[in-house]
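Everything below belongs to work_2.csv, which stores CSV, C-alpha atoms and all ligand atoms.
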```
chain,number,residue,atom,x,y,z
X,1,MET,CA,147.9,112.9,128.6
X,2,LYS,CA,149.2,112.1,132.0
X,3,LYS,CA,148.1,113.3,135.4
X,4,GLY,CA,150.0,116.4,136.4
X,5,GLU,CA,151.3,117.0,132.9
X,6,ARG,CA,151.1,120.4,131.3
X,7,VAL,CA,149.7,120.6,127.8
X,8,GLN,CA,149.5,123.4,125.3
X,9,VAL,CA,146.8,123.2,122.7
X,10,ARG,CA,147.1,125.6,119.8
X,11,PHE,CA,143.6,126.1,118.7
X,12,THR,CA,142.7,127.7,115.3
X,13,ASN,CA,139.2,128.5,114.4
X,14,LYS,CA,138.5,127.5,110.8
X,15,LEU,CA,134.8,127.8,111.2
X,16,ASP,CA,132.9,130.7,109.8
X,17,GLU,CA,131.5,131.5,113.2
X,18,PRO,CA,133.1,132.2,116.6
X,19,THR,CA,133.8,129.4,119.1
X,20,SER,CA,135.9,128.3,122.0
X,21,VAL,CA,137.0,125.0,123.6
X,22,HIS,CA,135.9,123.8,127.1
X,23,TRP,CA,137.8,121.0,128.8
X,24,HIS,CA,134.9,119.4,130.6
X,25,GLY,CA,135.5,118.2,134.1
X,26,ILE,CA,139.2,119.3,134.3
X,27,ARG,CA,139.8,121.3,137.4
X,28,ILE,CA,141.5,123.8,135.2
X,29,ASP,CA,142.9,127.4,135.6
X,30,ASN,CA,139.9,129.7,135.1
X,31,ALA,CA,141.5,131.5,132.1
X,32,MET,CA,141.7,128.2,130.3
X,33,ASP,CA,138.1,127.0,130.9
X,34,GLY,CA,137.0,128.0,127.4
X,35,VAL,CA,133.6,129.6,128.2
X,36,SER,CA,132.9,132.2,125.5
X,37,GLY,CA,131.8,135.4,127.1
X,38,LEU,CA,132.8,134.5,130.7
X,39,THR,CA,136.4,133.3,130.8
X,40,GLN,CA,137.5,134.4,127.4
X,41,ASP,CA,136.4,136.2,124.3
X,42,PRO,CA,135.1,133.8,121.6
X,43,VAL,CA,137.8,133.0,119.1
X,44,GLN,CA,136.7,134.6,115.9
X,45,PRO,CA,136.9,132.9,112.5
X,46,GLY,CA,140.5,132.6,111.5
X,47,GLY,CA,141.6,133.5,115.0
X,48,SER,CA,143.5,131.3,117.4
X,49,PHE,CA,144.0,130.7,121.1
X,50,VAL,CA,146.6,128.7,123.1
X,51,TYR,CA,145.1,126.6,125.8
X,52,ASP,CA,147.8,125.9,128.3
X,53,PHE,CA,147.0,123.9,131.4
X,54,VAL,CA,147.9,121.2,133.9
X,55,ALA,CA,145.5,118.4,134.4
X,56,PRO,CA,145.4,117.7,138.1
X,57,ASP,CA,143.3,114.5,138.0
X,58,ALA,CA,143.6,111.2,136.2
X,59,GLY,CA,140.3,110.2,134.7
X,60,THR,CA,137.8,110.3,131.8
X,61,PHE,CA,137.1,113.7,130.5
X,62,TRP,CA,136.0,115.3,127.2
X,63,TYR,CA,136.3,118.6,125.4
X,64,HIS,CA,133.7,120.5,123.4
X,65,ALA,CA,132.8,123.8,121.9
X,66,HIS,CA,131.4,126.3,124.4
X,67,ASN,CA,129.9,128.9,122.1
X,68,LYS,CA,126.4,128.2,120.8
X,69,SER,CA,127.1,124.7,122.2
X,70,TRP,CA,123.5,123.6,121.4
X,71,ASN,CA,124.4,124.0,117.7
X,72,GLN,CA,128.2,123.3,117.6
X,73,VAL,CA,128.2,120.2,119.8
X,74,ALA,CA,125.2,118.8,118.0
X,75,ARG,CA,127.3,119.0,114.8
X,76,GLY,CA,130.2,117.1,116.4
X,77,LEU,CA,132.6,119.6,117.9
X,78,TYR,CA,133.8,117.5,120.8
X,79,GLY,CA,136.2,114.7,121.6
X,80,PRO,CA,137.3,112.4,124.5
X,81,LEU,CA,140.2,113.5,126.7
X,82,ILE,CA,141.7,110.7,128.7
X,83,ILE,CA,144.1,111.4,131.5
X,84,ASP,CA,146.2,108.5,132.6
X,85,GLU,CA,147.4,107.7,136.1
X,86,THR,CA,151.1,108.3,136.5
X,87,GLU,CA,151.5,104.5,136.3
X,88,PRO,CA,148.4,103.6,134.3
X,89,SER,CA,146.2,101.0,136.1
X,90,PHE,CA,145.4,99.2,132.7
X,91,GLU,CA,147.5,98.4,129.7
X,92,ARG,CA,146.6,100.7,126.8
X,93,SER,CA,145.2,97.8,124.8
X,94,ASN,CA,142.9,97.0,127.7
X,95,ASP,CA,141.6,100.6,128.1
X,96,ILE,CA,138.7,101.3,125.8
X,97,THR,CA,136.9,104.7,125.4
X,98,PHE,CA,133.4,104.9,123.9
X,99,VAL,CA,131.8,108.2,123.1
X,100,PHE,CA,128.0,107.9,122.8
X,101,ASP,CA,126.0,110.3,120.7
X,102,ASP,CA,122.7,110.6,119.0
X,103,TRP,CA,122.4,112.4,115.7
X,104,ARG,CA,119.4,113.8,114.0
X,105,LEU,CA,119.5,112.6,110.5
X,106,ALA,CA,117.3,113.9,107.7
X,107,GLY,CA,118.3,111.0,105.5
X,108,GLU,CA,121.2,108.6,105.2
X,109,GLY,CA,124.4,110.4,106.1
X,110,VAL,CA,122.6,113.8,106.1
X,111,LEU,CA,122.6,115.8,109.3
X,112,ASP,CA,119.2,117.5,109.9
X,113,VAL,CA,120.4,121.1,110.5
X,114,ALA,CA,117.1,122.7,109.6
X,115,SER,CA,115.7,121.4,113.0
X,116,LEU,CA,118.5,123.0,115.0
X,117,GLY,CA,117.1,125.8,117.3
X,118,SER,CA,113.5,124.6,117.5
X,119,MET,CA,112.0,126.6,120.4
X,120,MET,CA,109.6,123.7,121.0
X,121,GLU,CA,112.5,121.4,121.8
X,122,TRP,CA,114.3,124.1,123.9
X,123,ALA,CA,111.2,124.3,126.2
X,124,HIS,CA,110.8,120.5,126.3
X,125,GLY,CA,113.3,117.7,126.7
X,126,GLY,CA,115.9,119.2,124.3
X,127,ARG,CA,117.0,118.0,120.9
X,128,LEU,CA,117.1,114.2,120.6
X,129,GLY,CA,118.6,112.5,117.6
X,130,ASN,CA,117.3,109.5,115.7
X,131,TRP,CA,120.6,107.7,115.1
X,132,LEU,CA,122.8,106.4,117.9
X,133,THR,CA,126.5,106.0,117.5
X,134,VAL,CA,129.5,104.9,119.4
X,135,ASN,CA,132.7,106.7,118.4
X,136,GLY,CA,130.9,107.8,115.3
X,137,GLN,CA,130.0,104.3,114.3
X,138,SER,CA,126.9,102.3,114.3
X,139,ARG,CA,127.1,99.2,116.6
X,140,PRO,CA,130.8,98.7,116.4
X,141,VAL,CA,132.2,95.4,117.5
X,142,SER,CA,135.5,95.1,119.4
X,143,ASP,CA,137.7,92.1,119.9
X,144,LEU,CA,138.7,91.2,123.5
X,145,VAL,CA,141.1,88.6,124.7
X,146,ARG,CA,139.6,85.9,126.8
X,147,GLY,CA,140.5,86.1,130.5
X,148,GLN,CA,141.8,89.7,130.3
X,149,THR,CA,140.4,92.6,132.3
X,150,TYR,CA,139.3,95.7,130.5
X,151,ARG,CA,138.5,99.3,131.5
X,152,LEU,CA,135.6,100.7,129.5
X,153,ARG,CA,135.1,104.5,129.6
X,154,LEU,CA,131.7,105.6,128.5
X,155,ILE,CA,131.1,109.3,127.7
X,156,ASN,CA,127.8,110.8,126.8
X,157,ALA,CA,128.3,113.5,124.2
X,158,ALA,CA,124.7,113.9,123.2
X,159,ASN,CA,123.0,117.3,123.6
X,160,ALA,CA,120.0,116.0,125.6
X,161,ARG,CA,119.7,112.2,125.5
X,162,ILE,CA,120.1,110.1,128.6
X,163,PHE,CA,121.5,106.7,127.8
X,164,GLU,CA,120.3,103.9,130.1
X,165,ILE,CA,122.8,101.1,130.6
X,166,ASP,CA,122.7,98.1,132.9
X,167,PRO,CA,126.2,97.0,133.6
X,168,ASN,CA,125.0,93.9,135.5
X,169,ARG,CA,123.7,92.5,132.2
X,170,PHE,CA,127.3,92.0,131.0
X,171,GLY,CA,128.9,91.4,134.4
X,172,ALA,CA,130.7,94.8,134.6
X,173,THR,CA,131.6,96.5,137.8
X,174,LEU,CA,131.9,100.3,138.3
X,175,LEU,CA,135.2,102.0,138.7
X,176,GLY,CA,134.0,105.6,138.9
X,177,PHE,CA,131.9,108.4,137.6
X,178,ASP,CA,132.8,111.4,135.6
X,179,GLY,CA,136.5,112.3,136.1
X,180,GLN,CA,137.0,110.5,139.4
X,181,SER,CA,137.7,107.0,140.5
X,182,PHE,CA,136.3,104.9,143.4
X,183,THR,CA,138.8,103.4,145.8
X,184,GLU,CA,137.4,99.9,145.0
X,185,PRO,CA,135.3,98.5,142.1
X,186,GLY,CA,131.6,98.5,143.0
X,187,ARG,CA,128.6,96.6,141.8
X,188,LEU,CA,125.5,98.6,140.8
X,189,ASP,CA,122.6,97.5,143.0
X,190,TYR,CA,120.0,99.3,141.0
X,191,ALA,CA,119.2,99.5,137.3
X,192,PRO,CA,119.4,101.0,135.0
X,193,LEU,CA,122.3,103.4,135.3
X,194,MET,CA,121.3,106.7,133.8
X,195,LEU,CA,124.1,108.3,131.8
X,196,GLY,CA,123.1,111.9,131.4
X,197,PRO,CA,124.5,114.4,128.9
X,198,ALA,CA,128.2,115.1,129.7
X,199,GLN,CA,128.3,112.3,132.3
X,200,ARG,CA,130.9,109.5,132.2
X,201,VAL,CA,130.9,106.1,133.8
X,202,VAL,CA,134.0,103.9,134.0
X,203,LEU,CA,133.4,100.1,134.0
X,204,MET,CA,135.5,97.1,134.5
X,205,VAL,CA,134.8,93.8,132.7
X,206,VAL,CA,136.6,90.5,132.6
X,207,ALA,CA,136.3,89.1,129.0
X,208,GLU,CA,134.7,85.6,129.4
X,209,LYS,CA,132.1,85.4,126.6
X,210,ASP,CA,130.8,87.7,123.9
X,211,PHE,CA,128.6,90.5,125.1
X,212,THR,CA,126.8,93.7,124.1
X,213,ILE,CA,126.4,97.1,125.7
X,214,GLU,CA,122.7,97.9,125.3
X,215,GLU,CA,120.6,101.0,125.7
X,216,VAL,CA,117.7,99.7,127.7
X,217,SER,CA,115.3,102.6,127.9
X,218,GLY,CA,113.0,101.3,125.1
X,219,ASP,CA,110.8,98.3,124.9
X,220,THR,CA,113.5,96.3,123.2
X,221,PRO,CA,117.1,96.9,124.3
X,222,TYR,CA,119.1,98.7,121.6
X,223,PRO,CA,122.6,97.3,121.0
X,224,MET,CA,125.2,100.1,121.2
X,225,ALA,CA,128.5,98.2,121.1
X,226,GLY,CA,129.4,94.5,120.8
X,227,PHE,CA,132.4,92.6,122.0
X,228,SER,CA,133.7,89.4,120.6
X,229,VAL,CA,135.9,87.4,123.0
X,230,LEU,CA,138.8,85.6,121.3
X,231,ASP,CA,141.3,83.0,122.6
X,232,ALA,CA,144.9,84.1,122.5
X,233,GLU,CA,148.2,83.0,123.8
X,234,SER,CA,148.3,85.9,126.2
X,235,SER,CA,145.2,84.7,127.9
X,236,ARG,CA,147.4,82.2,129.7
X,237,LEU,CA,149.3,85.1,131.3
X,238,ALA,CA,148.4,85.7,134.9
X,239,ARG,CA,146.0,88.6,135.3
X,240,PRO,CA,147.7,91.4,137.3
X,241,ALA,CA,145.6,92.7,140.2
X,242,ILE,CA,144.0,96.1,139.3
X,243,LYS,CA,144.9,98.9,141.7
X,244,LEU,CA,142.6,101.9,141.4
X,245,GLN,CA,144.2,105.3,142.1
X,246,PRO,CA,141.7,107.8,143.2
X,247,ASN,CA,142.7,111.5,142.9
X,248,VAL,CA,143.0,113.5,146.1
X,249,LEU,CA,140.3,116.2,146.2
X,250,PRO,CA,139.6,118.6,149.0
X,251,ALA,CA,136.9,117.1,151.2
X,252,PRO,CA,133.9,119.4,151.9
X,253,ASP,CA,133.4,120.2,155.5
X,254,PHE,CA,129.7,119.6,155.6
X,255,SER,CA,129.2,121.1,159.1
X,256,LYS,CA,130.6,124.4,158.0
X,257,ALA,CA,129.0,124.5,154.6
X,258,ARG,CA,127.3,127.6,153.4
X,259,ARG,CA,123.9,126.6,152.0
X,260,ILE,CA,122.6,128.2,148.8
X,261,ARG,CA,119.3,127.4,147.2
X,262,LEU,CA,118.7,127.2,143.5
X,263,GLU,CA,115.2,126.8,142.2
X,264,MET,CA,114.7,125.6,138.7
X,265,THR,CA,111.5,126.8,136.9
X,266,GLY,CA,110.0,127.1,133.5
X,267,GLY,CA,109.8,124.9,130.5
X,268,ALA,CA,106.7,123.4,128.9
X,269,MET,CA,104.1,122.5,131.5
X,270,GLY,CA,106.0,124.7,134.0
X,271,GLY,CA,104.2,128.0,133.3
X,272,MET,CA,107.2,129.7,131.7
X,273,THR,CA,106.3,132.9,133.7
X,274,ASP,CA,108.2,135.2,135.9
X,275,ILE,CA,111.5,135.1,134.1
X,276,THR,CA,114.0,137.9,134.3
X,277,TYR,CA,116.4,138.2,131.4
X,278,LYS,CA,119.1,140.8,131.1
X,279,GLY,CA,117.6,142.7,133.9
X,280,LYS,CA,114.1,142.8,132.4
X,281,ARG,CA,110.9,140.9,133.4
X,282,LEU,CA,109.7,138.9,130.4
X,283,LYS,CA,106.1,138.7,129.5
X,284,GLY,CA,104.1,137.1,126.7
X,285,ASP,CA,105.7,137.3,123.4
X,286,ASP,CA,109.1,138.3,124.9
X,287,ILE,CA,109.8,134.7,125.6
X,288,ARG,CA,109.6,133.9,121.9
X,289,THR,CA,111.8,136.8,120.9
X,290,THR,CA,114.5,136.2,123.6
X,291,ARG,CA,114.2,132.4,123.3
X,292,GLN,CA,114.4,132.1,127.1
X,293,ALA,CA,112.1,129.5,128.6
X,294,TRP,CA,113.8,128.4,131.9
X,295,ALA,CA,115.1,130.2,135.0
X,296,PHE,CA,117.3,129.6,138.0
X,297,ASN,CA,115.8,131.6,140.9
X,298,GLY,CA,113.7,133.5,138.4
X,299,VAL,CA,116.7,134.6,136.3
X,300,ALA,CA,117.3,133.2,132.8
X,301,ASN,CA,120.9,132.9,131.6
X,302,LEU,CA,123.9,134.9,132.8
X,303,ALA,CA,123.1,138.0,135.0
X,304,GLU,CA,125.5,140.8,135.6
X,305,ASP,CA,126.1,139.6,139.2
X,306,PRO,CA,127.1,136.1,140.1
X,307,PHE,CA,124.6,133.7,141.6
X,308,PHE,CA,126.9,133.6,144.6
X,309,GLU,CA,130.4,134.5,145.6
X,310,ALA,CA,132.6,132.1,147.6
X,311,ARG,CA,135.7,132.7,149.5
X,312,GLN,CA,138.5,130.4,148.3
X,313,GLY,CA,138.4,127.3,150.5
X,314,GLU,CA,134.9,127.7,151.6
X,315,THR,CA,132.5,124.7,151.5
X,316,ILE,CA,129.5,125.5,149.4
X,317,LEU,CA,126.3,123.4,149.6
X,318,ILE,CA,123.9,124.0,146.7
X,319,GLU,CA,120.3,122.8,147.3
X,320,THR,CA,118.9,122.4,143.8
X,321,VAL,CA,115.1,122.2,143.7
X,322,ASN,CA,113.6,121.1,140.4
X,323,ARG,CA,110.2,122.7,140.0
X,324,THR,CA,110.0,121.9,136.3
X,325,ALA,CA,108.3,118.9,134.6
X,326,TRP,CA,111.6,117.7,133.1
X,327,VAL,CA,114.9,116.0,134.0
X,328,HIS,CA,118.1,118.0,133.9
X,329,ALA,CA,121.8,117.3,133.9
X,330,MET,CA,123.5,120.0,136.1
X,331,HIS,CA,127.2,120.6,135.6
X,332,VAL,CA,129.6,122.6,137.8
X,333,HIS,CA,132.6,124.1,136.1
X,334,GLY,CA,136.1,123.9,137.7
X,335,HIS,CA,135.1,121.8,140.7
X,336,HIS,CA,133.9,118.3,141.5
X,337,PHE,CA,131.2,117.9,144.1
X,338,GLN,CA,129.7,115.2,146.3
X,339,ILE,CA,126.0,114.5,146.4
X,340,LEU,CA,124.7,114.7,150.0
X,341,ASN,CA,121.0,114.2,149.5
X,342,ARG,CA,118.7,113.3,146.7
X,343,SER,CA,115.1,113.5,147.8
X,344,GLY,CA,112.4,112.2,145.5
X,345,SER,CA,114.7,109.7,144.0
X,346,GLY,CA,115.2,106.0,144.9
X,347,VAL,CA,118.8,106.0,143.8
X,348,ASP,CA,121.6,106.1,146.4
X,349,GLU,CA,125.0,105.9,144.8
X,350,GLY,CA,126.9,106.9,147.9
X,351,LYS,CA,129.0,110.1,147.8
X,352,PRO,CA,131.3,109.8,144.9
X,353,PHE,CA,132.8,112.9,143.4
X,354,ARG,CA,131.3,114.0,140.1
X,355,ASP,CA,131.0,117.0,137.9
X,356,THR,CA,127.5,116.5,136.5
X,357,PHE,CA,124.3,115.2,138.2
X,358,LEU,CA,120.9,114.3,137.0
X,359,ILE,CA,117.8,115.7,138.7
X,360,GLY,CA,114.3,114.6,137.9
X,361,PRO,CA,111.0,116.5,138.2
X,362,ASP,CA,110.1,117.4,141.7
X,363,GLN,CA,113.4,116.2,143.1
X,364,THR,CA,115.7,118.2,145.4
X,365,THR,CA,119.4,117.4,145.3
X,366,GLU,CA,122.1,118.8,147.6
X,367,ILE,CA,125.6,118.9,146.4
X,368,ALA,CA,128.7,120.2,148.2
X,369,PHE,CA,132.2,121.1,147.2
X,370,VAL,CA,135.1,123.1,148.3
X,371,ALA,CA,135.3,126.2,146.3
X,372,ASP,CA,139.0,126.1,145.9
X,373,ASN,CA,139.5,127.3,142.3
X,374,PRO,CA,139.5,131.1,141.9
X,375,GLY,CA,137.6,132.6,139.1
X,376,LYS,CA,134.3,132.8,137.3
X,377,TRP,CA,132.6,129.4,136.9
X,378,LEU,CA,129.4,128.3,135.2
X,379,PHE,CA,126.7,126.1,136.8
X,380,HIS,CA,124.3,125.0,134.0
X,381,CYS,CA,122.1,122.3,132.6
X,382,HIS,CA,124.1,120.2,130.2
X,383,MET,CA,121.0,119.6,128.1
X,384,LEU,CA,122.4,122.1,125.8
X,385,GLU,CA,119.1,123.5,124.6
X,386,HIS,CA,118.1,124.1,128.2
X,387,ALA,CA,121.3,126.0,128.9
X,388,ALA,CA,120.7,128.2,125.8
X,389,ALA,CA,117.1,128.8,126.9
X,390,GLY,CA,118.0,130.0,130.3
X,391,MET,CA,119.4,127.2,132.5
X,392,ASN,CA,122.7,128.8,132.9
X,393,THR,CA,124.2,130.8,135.8
X,394,TRP,CA,127.7,131.6,137.2
X,395,PHE,CA,129.5,131.9,140.5
X,396,GLU,CA,132.7,133.4,141.5
X,397,VAL,CA,135.4,132.1,143.8
X,398,VAL,CA,137.5,135.0,145.2
X,401,LIG,CU1,130.5,120.4,129.3
X,401,LIG,CU2,129.7,124.2,130.4
X,401,LIG,O1,130.1,122.3,129.8
X,402,CU,CU,117.8,120.9,131.6
```
Show me this structure written as structure tokens.
Amino acid sequence: MKKGERVQVRFTNKLDEPTSVHWHGIRIDNAMDGVSGLTQDPVQPGGSFVYDFVAPDAGTFWYHAHNKSWNQVARGLYGPLIIDETEPSFERSNDITFVFDDWRLAGEGVLDVASLGSMMEWAHGGRLGNWLTVNGQSRPVSDLVRGQTYRLRLINAANARIFEIDPNRFGATLLGFDGQSFTEPGRLDYAPLMLGPAQRVVLMVVAEKDFTIEEVSGDTPYPMAGFSVLDAESSRLARPAIKLQPNVLPAPDFSKARRIRLEMTGGAMGGMTDITYKGKRLKGDDIRTTRQAWAFNGVANLAEDPFFEARQGETILIETVNRTAWVHAMHVHGHHFQILNRSGSGVDEGKPFRDTFLIGPDQTTEIAFVADNPGKWLFHCHMLEHAAAGMNTWFEVV
């Protein structure tokens, strides 16, 4: 769709369980955010819902189930959602979207559903698959035309896996993160780039010779997607200069920001103690029966009261302190934030707007955003097992 355009999506639930659709990263009207139990009732089997919204930003987004997401997203209930600039910066043929996922297969072509919901994984690093795909394919190869410039949009749709990519290996520059664009292409001066669950990165590459996008976290790089560069008549055409078109977002007023602290606790090796769930202190065996293993400021999952309430237009600064032994991918609904400080991490990527940030063990990250979108919004870990097991809270803009 195009920036500023209104869409209506008639959604019918043909599953035999309730669900809803969340439009990840879109600064959407609250009623259309698709969060079962917070912004809408789950759509029952056979039921339907009309999502009706305007997309304010051009960029790379995705949509996915937001009810039992740990289960439904693992089974593939998601898709990419690309919002073009009013005058697209790239030709459609030069604009490529890749959705990365990892599937847990029990055999060839057989999804391992028996392992869904393992409490062990919920309290550790989440559910990792054993088969990596790009747009549902294994190691696809795309043809590019020599001399032409391409936009590559990478989306991580995996429940818990972080994909590690090194754009310098294939001469790519960065155009933006998540749903937002930089003003100028940038080169990454660190490696690798960690693409956490739900995160997107947009790259630009000039096709000169064959190359491969590899996942570089293992001992040997794993080839995700190949490109074969072919000569064609059109390569003689002059390459038009690329003009990036960043969206205009409200700039946080850091000097007046209201500081809010969020402490992440729990998980394996984290004690898993002192968790309040549905107003009750959990002890011993309760953790097994409630399946809650993580907490934000001592509270697992959605409490009756919001984590905080913001006045519309107020700048909110959330200081997130990770006291767990695990990395997390924190996502703010309805808003895009800037990262102000990242202590305990060597990575400084400037202050781009994004909707999901990674935070490692013992790190503290400060994010700030203008709370300009009225309604009830989630703030949760996008490692979907972590969210289900407690890493989920909400705030309200009034
Ligand atoms: Cu992709 Cu609650 O989000
Ligand atoms: Cu997490």
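Distances to Phe353 of chain X were evaluated for X:Asn156, X:Ser115, X:Ser93, X:Gln338 using only C-alpha atoms, and the minimum falls at X:Gln338.
When atom CA of Ala387 of chain X is paired with atom CA of Asp112 of chain X, their separation reads 20.9 Å.
The space between atom CA of Ala295 of chain X and atom CA of Asp362 of chain X spans 15.3 Å.
The space separating atom CA of Thr220 of chain X from atom CA of Ala198 of chain X comes to 24.7 Å.
Nearest-residue note for ligand CU 402 (chain X): choosing from X:Leu384, X:Ala251, X:Val202, X:Ala368, the minimum distance belongs to X:Leu384, counting only C-alpha atoms and all ligand atoms.
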Give the residue list for ligand CU 402 (chain X) at 7 Å, counting only C-alpha atoms and all ligand atoms, as a PyMOL selection string, sorted by chain and then by residue number.
-> chain X and resi 327-329+381-383+386-387+391
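If all atoms listed in the file are the atoms counted, then among X:Asp178, X:Asp286, X:Asp95, X:Glu164 the closest residue to ligand LIG 401 (chain X) is X:Asp178.
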Which residues of chain X have any atom within 9 Å of an atom in ligand LIG 401 (chain X) when counting all atoms listed in the file, and what is the closest pair of atoms for each, with the distance in Å to one decimal? Order the rows by chain and rising number and write it as CSV.
```
residue,atom,partner,partner_atom,distance
X:His22,CA,X:LIG401,O1,6.6
X:Trp23,CA,X:LIG401,CU1,7.3
X:His24,CA,X:LIG401,CU1,4.7
X:Gly25,CA,X:LIG401,CU1,7.3
X:Asp33,CA,X:LIG401,CU2,8.9
X:Gly34,CA,X:LIG401,CU2,8.8
X:Val35,CA,X:LIG401,CU2,7.0
X:Trp62,CA,X:LIG401,CU1,7.8
X:Tyr63,CA,X:LIG401,CU1,7.2
X:His64,CA,X:LIG401,CU1,6.7
X:Ala65,CA,X:LIG401,CU1,8.5
X:His66,CA,X:LIG401,CU2,6.6
X:Ser69,CA,X:LIG401,O1,8.5
X:Ala157,CA,X:LIG401,CU1,8.9
X:Pro197,CA,X:LIG401,CU1,8.5
X:Ala198,CA,X:LIG401,CU1,5.8
X:Gln199,CA,X:LIG401,CU1,8.9
X:His331,CA,X:LIG401,O1,6.7
X:Val332,CA,X:LIG401,CU2,7.6
X:His333,CA,X:LIG401,CU2,6.4
X:Thr356,CA,X:LIG401,CU1,8.7
X:Trp377,CA,X:LIG401,CU2,8.8
X:Leu378,CA,X:LIG401,CU2,6.3
X:Phe379,CA,X:LIG401,CU2,7.3
X:His380,CA,X:LIG401,CU2,6.5
X:Cys381,CA,X:LIG401,CU2,8.1
X:His382,CA,X:LIG401,O1,6.4
X:Leu384,CA,X:LIG401,O1,8.7
X:Ala387,CA,X:LIG401,CU2,8.7
X:Asn392,CA,X:LIG401,CU2,8.7
```
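Distances to Lys243 of chain X were evaluated for X:Thr173, X:Gln292, X:Thr324, X:Ser89 using all atoms listed in the file, and the minimum falls at X:Ser89.
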Of the candidates X:Asn341, X:Thr60, X:Asn373, X:Ser48, which shows the shortest atom-to-atom distance to Ile82 of chain X, using only C-alpha atoms?
-> X:Thr60
Which is closest to Tyr277 of chain X among X:Pro246, X:Pro80, X:Gly390, X:Gly218, if we use all atoms listed in the file?
-> X:Gly390
Near Phe369 of chain X, counting all atoms listed in the file, which residues have an atom at most 12 Å away, once you skip same-chain residues fewer than 2 positions from it, shown as a PyMOL selection string?
-> chain X and resi 249-254+256-259+310+312-318+332-340+351-355+366-367+371-373+397
Could you give me, as a PyMOL selection string, the residues that sit within 6 Å of (117.8, 123.7, 144.7) in the file's coordinates, counting only C-alpha atoms?
-> chain X and resi 261-263+319-321+364
Can those selected residues be exported to a file as a PDB file, keeping the file's coordinate frame so that it contains C-alpha atoms?
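Output saved as selection-v5.pdb:
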```pdb
ATOM      1  CA  ARG X 261     119.300 127.400 147.200  1.00  0.00           C
ATOM      2  CA  LEU X 262     118.700 127.200 143.500  1.00  0.00           C
ATOM      3  CA  GLU X 263     115.200 126.800 142.200  1.00  0.00           C
ATOM      4  CA  GLU X 319     120.300 122.800 147.300  1.00  0.00           C
ATOM      5  CA  THR X 320     118.900 122.400 143.800  1.00  0.00           C
ATOM      6  CA  VAL X 321     115.100 122.200 143.700  1.00  0.00           C
ATOM      7  CA  THR X 364     115.700 118.200 145.400  1.00  0.00           C
TER       8      THR X 364
END
```
Within 7 Å of (108.9, 119.5, 139.1), in the coordinates the file gives, what residues turn up when you count only C-alpha atoms, written out as number ranges by chain?
-> X: 322-326, 361-363
If we count all atoms listed in the file, what is near segment 3-12 of chain X at a cut-off of 8 Å, once residues fewer than 5 positions away on the same chain are taken out, given as a short mmCIF file (atom, residue, chain, number, x, y, z; two decimals) with C-alpha atoms, keeping the file's coordinate frame?
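So result-v6.cif came out as:
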```
data_model
loop_
_atom_site.label_atom_id
_atom_site.label_comp_id
_atom_site.auth_asym_id
_atom_site.auth_seq_id
_atom_site.Cartn_x
_atom_site.Cartn_y
_atom_site.Cartn_z
CA GLY X 46 140.50 132.60 111.50
CA GLY X 47 141.60 133.50 115.00
CA SER X 48 143.50 131.30 117.40
CA PHE X 49 144.00 130.70 121.10
CA VAL X 50 146.60 128.70 123.10
CA TYR X 51 145.10 126.60 125.80
CA ASP X 52 147.80 125.90 128.30
CA PHE X 53 147.00 123.90 131.40
CA VAL X 54 147.90 121.20 133.90
CA ALA X 55 145.50 118.40 134.40
CA PRO X 56 145.40 117.70 138.10
CA ASP X 57 143.30 114.50 138.00
CA ALA X 58 143.60 111.20 136.20
CA ILE X 83 144.10 111.40 131.50
CA ASP X 84 146.20 108.50 132.60
CA GLU X 85 147.40 107.70 136.10
CA THR X 86 151.10 108.30 136.50
#
```
Should you be able to, write segment 218-223 of chain X of this structure into a file that contains N, CA, C and O atoms, as a PDB file, in the first residue's frame.
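New file result_4.pdb:
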```pdb
ATOM      1  N   GLY X 218      27.133 -18.798  13.345  1.00  0.00           N
ATOM      2  CA  GLY X 218      27.783 -20.096  13.574  1.00  0.00           C
ATOM      3  C   GLY X 218      29.247 -20.099  13.178  1.00  0.00           C
ATOM      4  O   GLY X 218      29.795 -19.069  12.767  1.00  0.00           O
ATOM      5  N   ASP X 219      29.885 -21.239  13.309  1.00  0.00           N
ATOM      6  CA  ASP X 219      31.295 -21.361  12.944  1.00  0.00           C
ATOM      7  C   ASP X 219      31.479 -21.167  11.447  1.00  0.00           C
ATOM      8  O   ASP X 219      32.441 -20.553  11.013  1.00  0.00           O
ATOM      9  N   THR X 220      30.550 -21.730  10.678  1.00  0.00           N
ATOM     10  CA  THR X 220      30.583 -21.514   9.231  1.00  0.00           C
ATOM     11  C   THR X 220      29.337 -20.721   8.851  1.00  0.00           C
ATOM     12  O   THR X 220      28.241 -21.067   9.276  1.00  0.00           O
ATOM     13  N   PRO X 221      29.519 -19.651   8.075  1.00  0.00           N
ATOM     14  CA  PRO X 221      28.362 -18.846   7.667  1.00  0.00           C
ATOM     15  C   PRO X 221      27.335 -19.706   6.943  1.00  0.00           C
ATOM     16  O   PRO X 221      27.690 -20.567   6.148  1.00  0.00           O
ATOM     17  N   TYR X 222      26.073 -19.473   7.255  1.00  0.00           N
ATOM     18  CA  TYR X 222      24.997 -20.239   6.623  1.00  0.00           C
ATOM     19  C   TYR X 222      24.371 -19.393   5.521  1.00  0.00           C
ATOM     20  O   TYR X 222      23.888 -18.284   5.779  1.00  0.00           O
ATOM     21  N   PRO X 223      24.366 -19.882   4.263  1.00  0.00           N
ATOM     22  CA  PRO X 223      23.811 -19.076   3.165  1.00  0.00           C
ATOM     23  C   PRO X 223      22.288 -18.993   3.249  1.00  0.00           C
ATOM     24  O   PRO X 223      21.614 -20.015   3.220  1.00  0.00           O
TER      25      PRO X 223
END
```
